[in-house]
Amino acid sequence: MEYQRFETVCVVRLDPGEDIPEQLRVLALREKIRLASVQGLGAVNDFTVGVFDTAGKTYHANRFQGSYEIVSLTGTINTMEGAFYCHLHMSAGDGQGRVMGGHLNRATVSATAELVVTILPGSVDRKFSEEIGLNLLHFEACRQTT
């Protein structure tokens with residue numbers, strides 16, 4: 001991973017073999033990012049995305065391998081119990097134009113990935129919701145920095 005920080009924005013290049021969520025963790029810890037918006041594109045050859053079944057409160061993951069172009073990568077960096085937390089969604093298209101996507105668990109870069117991380121002034125923690133079955137944004141503990 002290589003990146004350049006421009007005040008509140010990091011422009012990131014990921015290289016072959018790097019995992020997108022893991023490299024975002026490295027970036028966030030290195031740059032002390034506690035709240036940010038993430039967007040990106042690129043190419044991957046092995047990724048796992050899934051869908052949350054709200055009725056059963058269960059998660060269904062799907063792994064895809066081959067040549068894929070990232071159509072959309074979007075999400076947030078924040079914290080849960082004060083520690084790094086990343087929530088990403090990704091869709092990627094294959095050679096026939098079929099697109100697969102969902103909540104991103106992992107994605108291995110095949111050629112390159114270009115990410116823009118927009119750092120926000122503050123922090124918002126997450127808290128597990130028994131009712132929903134997910135880690136939700138928890139605003140009672142949020143703080144704004146200047």
# chains A, B, ... in the order shown; residues from 1 in each chain; ligands from 1
>>> closest_atom_pairs(of="segment 107-145 of chain A", to="segment 23-33 of chain A", cutoff="9 Å", atoms="only C-alpha atoms", output="CSV")
residue,atom,partner,partner_atom,distance
A:Val117,CA,A:Leu24,CA,9.0
A:Ile119,CA,A:Ile33,CA,6.8
A:Leu120,CA,A:Ile33,CA,8.4
A:Ser123,CA,A:Ile33,CA,8.8
>>> write_last_selection(atoms="N, CA, C and O atoms", output="short mmCIF file (atom, residue, chain, number, x, y, z; two decimals), in the first residue's frame")
data_model
loop_
_atom_site.label_atom_id
_atom_site.label_comp_id
_atom_site.auth_asym_id
_atom_site.auth_seq_id
_atom_site.Cartn_x
_atom_site.Cartn_y
_atom_site.Cartn_z
N VAL A 117 -10.16 8.02 1.05
CA VAL A 117 -10.63 7.98 2.43
C VAL A 117 -10.77 9.42 2.92
O VAL A 117 -9.77 10.14 3.04
N ILE A 119 -11.53 11.79 5.81
CA ILE A 119 -11.51 11.77 7.27
C ILE A 119 -12.48 12.82 7.81
O ILE A 119 -12.48 13.97 7.37
N LEU A 120 -13.31 12.40 8.75
CA LEU A 120 -14.30 13.28 9.36
C LEU A 120 -13.83 13.68 10.76
O LEU A 120 -13.18 12.89 11.44
N SER A 123 -15.61 11.10 16.16
CA SER A 123 -15.68 9.64 16.25
C SER A 123 -17.12 9.23 16.56
O SER A 123 -17.84 9.95 17.23
#
>>> select_by_dssp(residues="segment 25-95 of chain A", states="strand (DSSP E)", output="PyMOL selection string")
chain A and resi 36-53+58-80+83-93
>>> write_last_selection(atoms="C-alpha atoms", output="PDB file, in the first residue's frame")
ATOM      1  CA  ALA A  36     -14.077   8.380   7.750  1.00  0.00           C
ATOM      2  CA  SER A  37     -15.953   7.715   4.543  1.00  0.00           C
ATOM      3  CA  VAL A  38     -14.403   5.299   2.028  1.00  0.00           C
ATOM      4  CA  GLN A  39     -14.908   4.955  -1.719  1.00  0.00           C
ATOM      5  CA  GLY A  40     -12.940   3.010  -4.274  1.00  0.00           C
ATOM      6  CA  LEU A  41     -12.492   0.986  -7.422  1.00  0.00           C
ATOM      7  CA  GLY A  42      -9.974  -1.438  -8.870  1.00  0.00           C
ATOM      8  CA  ALA A  43      -9.550  -5.123  -9.634  1.00  0.00           C
ATOM      9  CA  VAL A  44      -9.775  -8.194  -7.397  1.00  0.00           C
ATOM     10  CA  ASN A  45      -9.366 -11.918  -7.938  1.00  0.00           C
ATOM     11  CA  ASP A  46     -10.700 -13.352  -4.669  1.00  0.00           C
ATOM     12  CA  PHE A  47     -13.388 -11.734  -2.534  1.00  0.00           C
ATOM     13  CA  THR A  48     -16.071 -12.632  -0.038  1.00  0.00           C
ATOM     14  CA  VAL A  49     -19.270 -10.613   0.250  1.00  0.00           C
ATOM     15  CA  GLY A  50     -22.520 -11.412   1.946  1.00  0.00           C
ATOM     16  CA  VAL A  51     -26.044 -10.497   2.841  1.00  0.00           C
ATOM     17  CA  PHE A  52     -27.664 -10.242   6.264  1.00  0.00           C
ATOM     18  CA  ASP A  53     -30.965 -12.126   6.589  1.00  0.00           C
ATOM     19  CA  THR A  58     -27.970 -14.635  10.168  1.00  0.00           C
ATOM     20  CA  TYR A  59     -25.290 -13.721   7.700  1.00  0.00           C
ATOM     21  CA  HIS A  60     -24.773 -15.525   4.378  1.00  0.00           C
ATOM     22  CA  ALA A  61     -21.340 -15.099   2.792  1.00  0.00           C
ATOM     23  CA  ASN A  62     -20.370 -15.865  -0.811  1.00  0.00           C
ATOM     24  CA  ARG A  63     -16.818 -16.247  -2.121  1.00  0.00           C
ATOM     25  CA  PHE A  64     -15.901 -15.374  -5.706  1.00  0.00           C
ATOM     26  CA  GLN A  65     -12.628 -16.138  -7.461  1.00  0.00           C
ATOM     27  CA  GLY A  66     -11.470 -15.065 -10.917  1.00  0.00           C
ATOM     28  CA  SER A  67     -11.052 -11.773 -12.747  1.00  0.00           C
ATOM     29  CA  TYR A  68     -13.337  -9.049 -11.354  1.00  0.00           C
ATOM     30  CA  GLU A  69     -13.493  -5.275 -11.682  1.00  0.00           C
ATOM     31  CA  ILE A  70     -14.759  -3.358  -8.672  1.00  0.00           C
ATOM     32  CA  VAL A  71     -17.889  -1.522  -9.806  1.00  0.00           C
ATOM     33  CA  SER A  72     -18.413   0.162  -6.458  1.00  0.00           C
ATOM     34  CA  LEU A  73     -16.714   0.126  -3.080  1.00  0.00           C
ATOM     35  CA  THR A  74     -18.201   2.295  -0.365  1.00  0.00           C
ATOM     36  CA  GLY A  75     -18.299   2.359   3.392  1.00  0.00           C
ATOM     37  CA  THR A  76     -17.122   3.811   6.661  1.00  0.00           C
ATOM     38  CA  ILE A  77     -14.287   3.607   9.119  1.00  0.00           C
ATOM     39  CA  ASN A  78     -15.261   4.138  12.739  1.00  0.00           C
ATOM     40  CA  THR A  79     -14.848   2.353  16.080  1.00  0.00           C
ATOM     41  CA  MET A  80     -16.486  -0.275  18.254  1.00  0.00           C
ATOM     42  CA  ALA A  83     -11.175  -0.062  18.543  1.00  0.00           C
ATOM     43  CA  PHE A  84     -10.940   0.093  14.735  1.00  0.00           C
ATOM     44  CA  TYR A  85     -14.109  -0.956  12.901  1.00  0.00           C
ATOM     45  CA  CYS A  86     -14.736  -0.895   9.170  1.00  0.00           C
ATOM     46  CA  HIS A  87     -18.082  -1.359   7.400  1.00  0.00           C
ATOM     47  CA  LEU A  88     -17.740  -1.795   3.637  1.00  0.00           C
ATOM     48  CA  HIS A  89     -19.959  -2.862   0.755  1.00  0.00           C
ATOM     49  CA  MET A  90     -18.557  -3.847  -2.622  1.00  0.00           C
ATOM     50  CA  SER A  91     -19.899  -4.911  -5.979  1.00  0.00           C
ATOM     51  CA  ALA A  92     -17.651  -6.383  -8.660  1.00  0.00           C
ATOM     52  CA  GLY A  93     -18.282  -7.433 -12.248  1.00  0.00           C
TER      53      GLY A  93
END
>>> closest_residue(among="A:Gly97, A:Leu104, A:Glu81, A:Val11", to="Phe128 of chain A", atoms="only C-alpha atoms")
A:Glu81
>>> atom_distance(atom1="atom CA of Glu18 of chain A", atom2="atom CA of Arg106 of chain A")
10.0 Å
>>> residues_around(residues="Val12 of chain A", least_positions_apart="2", cutoff="9 Å", atoms="only C-alpha atoms", output="list in words")
Met1, Glu2, Tyr3, Gln4, Arg5, Cys10, Leu14, Leu27, Ala113, Glu114, Leu115, Val116 and Val117 of chain A
>>> write_last_selection(atoms="N, CA, C and O atoms", output="compact mmCIF listing (two decimals), in the first residue's frame")
# COMPACT_ATOMS: atom_id res chain seq x y z
N MET A 1 0.85 -1.18 0.00
CA MET A 1 0.00 0.00 0.00
C MET A 1 0.89 1.24 0.00
O MET A 1 1.86 1.31 0.74
N GLU A 2 0.50 2.17 -0.83
CA GLU A 2 1.09 3.50 -0.79
C GLU A 2 -0.05 4.49 -0.73
O GLU A 2 -1.14 4.23 -1.27
N TYR A 3 0.18 5.61 -0.05
CA TYR A 3 -0.87 6.62 0.03
C TYR A 3 -0.26 7.99 0.25
O TYR A 3 0.89 8.12 0.66
N GLN A 4 -1.08 8.98 -0.01
CA GLN A 4 -0.71 10.37 0.27
C GLN A 4 -1.87 11.00 1.01
O GLN A 4 -3.03 10.87 0.59
N ARG A 5 -1.55 11.67 2.11
CA ARG A 5 -2.59 12.37 2.87
C ARG A 5 -2.58 13.84 2.48
O ARG A 5 -1.53 14.48 2.45
N CYS A 10 -7.15 10.94 2.34
CA CYS A 10 -6.05 10.06 1.98
C CYS A 10 -6.39 9.41 0.63
O CYS A 10 -7.47 8.84 0.48
N LEU A 14 -3.58 0.37 -3.55
CA LEU A 14 -3.29 -0.97 -3.07
C LEU A 14 -2.69 -1.77 -4.20
O LEU A 14 -3.03 -1.57 -5.37
N LEU A 27 -4.02 1.60 7.50
CA LEU A 27 -4.08 3.05 7.26
C LEU A 27 -4.70 3.78 8.45
O LEU A 27 -4.15 4.79 8.92
N ALA A 113 -5.95 -1.25 -6.63
CA ALA A 113 -7.19 -0.66 -6.13
C ALA A 113 -6.87 0.77 -5.74
O ALA A 113 -5.78 1.05 -5.22
N GLU A 114 -7.78 1.67 -6.04
CA GLU A 114 -7.63 3.08 -5.73
C GLU A 114 -8.74 3.46 -4.77
O GLU A 114 -9.92 3.30 -5.09
N LEU A 115 -8.36 3.95 -3.60
CA LEU A 115 -9.32 4.31 -2.57
C LEU A 115 -9.16 5.76 -2.21
O LEU A 115 -8.05 6.30 -2.21
N VAL A 116 -10.27 6.40 -1.89
CA VAL A 116 -10.27 7.75 -1.34
C VAL A 116 -10.93 7.67 0.03
O VAL A 116 -12.08 7.23 0.15
N VAL A 117 -10.16 8.02 1.05
CA VAL A 117 -10.63 7.98 2.43
C VAL A 117 -10.77 9.42 2.92
O VAL A 117 -9.77 10.14 3.04
>>> select_by_dssp(residues="chain A", states="alpha helix (DSSP H)", output="list in words")
Ile20, Pro21, Glu22, Gln23, Leu24, Arg25, Val26, Leu27, Ala28, Leu29, Arg30 and Glu31 of chain A
>>> write_last_selection(atoms="N, CA, C and O atoms", output="short mmCIF file (atom, residue, chain, number, x, y, z; two decimals), in the first residue's frame")
data_model
loop_
_atom_site.label_atom_id
_atom_site.label_comp_id
_atom_site.auth_asym_id
_atom_site.auth_seq_id
_atom_site.Cartn_x
_atom_site.Cartn_y
_atom_site.Cartn_z
N ILE A 20 -8.16 -5.56 0.96
CA ILE A 20 -8.70 -4.21 1.10
C ILE A 20 -9.05 -3.86 2.55
O ILE A 20 -8.56 -2.86 3.08
N PRO A 21 -9.90 -4.65 3.25
CA PRO A 21 -10.22 -4.27 4.63
C PRO A 21 -9.00 -4.23 5.54
O PRO A 21 -8.88 -3.34 6.40
N GLU A 22 -8.08 -5.15 5.35
CA GLU A 22 -6.88 -5.18 6.19
C GLU A 22 -6.02 -3.94 5.97
O GLU A 22 -5.50 -3.35 6.94
N GLN A 23 -5.85 -3.52 4.74
CA GLN A 23 -5.05 -2.33 4.46
C GLN A 23 -5.73 -1.06 4.96
O GLN A 23 -5.05 -0.12 5.38
N LEU A 24 -7.05 -1.04 4.97
CA LEU A 24 -7.75 0.10 5.56
C LEU A 24 -7.51 0.15 7.06
O LEU A 24 -7.36 1.22 7.64
N ARG A 25 -7.43 -1.02 7.69
CA ARG A 25 -7.10 -1.08 9.13
C ARG A 25 -5.71 -0.51 9.38
O ARG A 25 -5.50 0.32 10.27
N VAL A 26 -4.74 -0.92 8.56
CA VAL A 26 -3.37 -0.43 8.68
C VAL A 26 -3.35 1.09 8.53
O VAL A 26 -2.72 1.81 9.32
N LEU A 27 -4.02 1.60 7.50
CA LEU A 27 -4.08 3.05 7.26
C LEU A 27 -4.70 3.78 8.45
O LEU A 27 -4.15 4.79 8.92
N ALA A 28 -5.84 3.29 8.93
CA ALA A 28 -6.55 3.96 10.02
C ALA A 28 -5.70 4.02 11.28
O ALA A 28 -5.65 5.05 11.96
N LEU A 29 -5.01 2.94 11.59
CA LEU A 29 -4.17 2.93 12.78
C LEU A 29 -2.96 3.84 12.60
O LEU A 29 -2.60 4.60 13.51
N ARG A 30 -2.34 3.79 11.44
CA ARG A 30 -1.16 4.63 11.17
C ARG A 30 -1.51 6.12 11.21
O ARG A 30 -0.75 6.93 11.74
N GLU A 31 -2.65 6.49 10.63
CA GLU A 31 -3.04 7.90 10.53
C GLU A 31 -3.99 8.35 11.65
O GLU A 31 -4.48 9.46 11.63
#
>>> atom_distance(atom1="atom CA of Asn135 of chain A", atom2="atom CA of Gly102 of chain A")
16.3 Å
>>> atom_distance(atom1="atom CA of Arg126 of chain A", atom2="atom CA of Phe6 of chain A")
27.1 Å
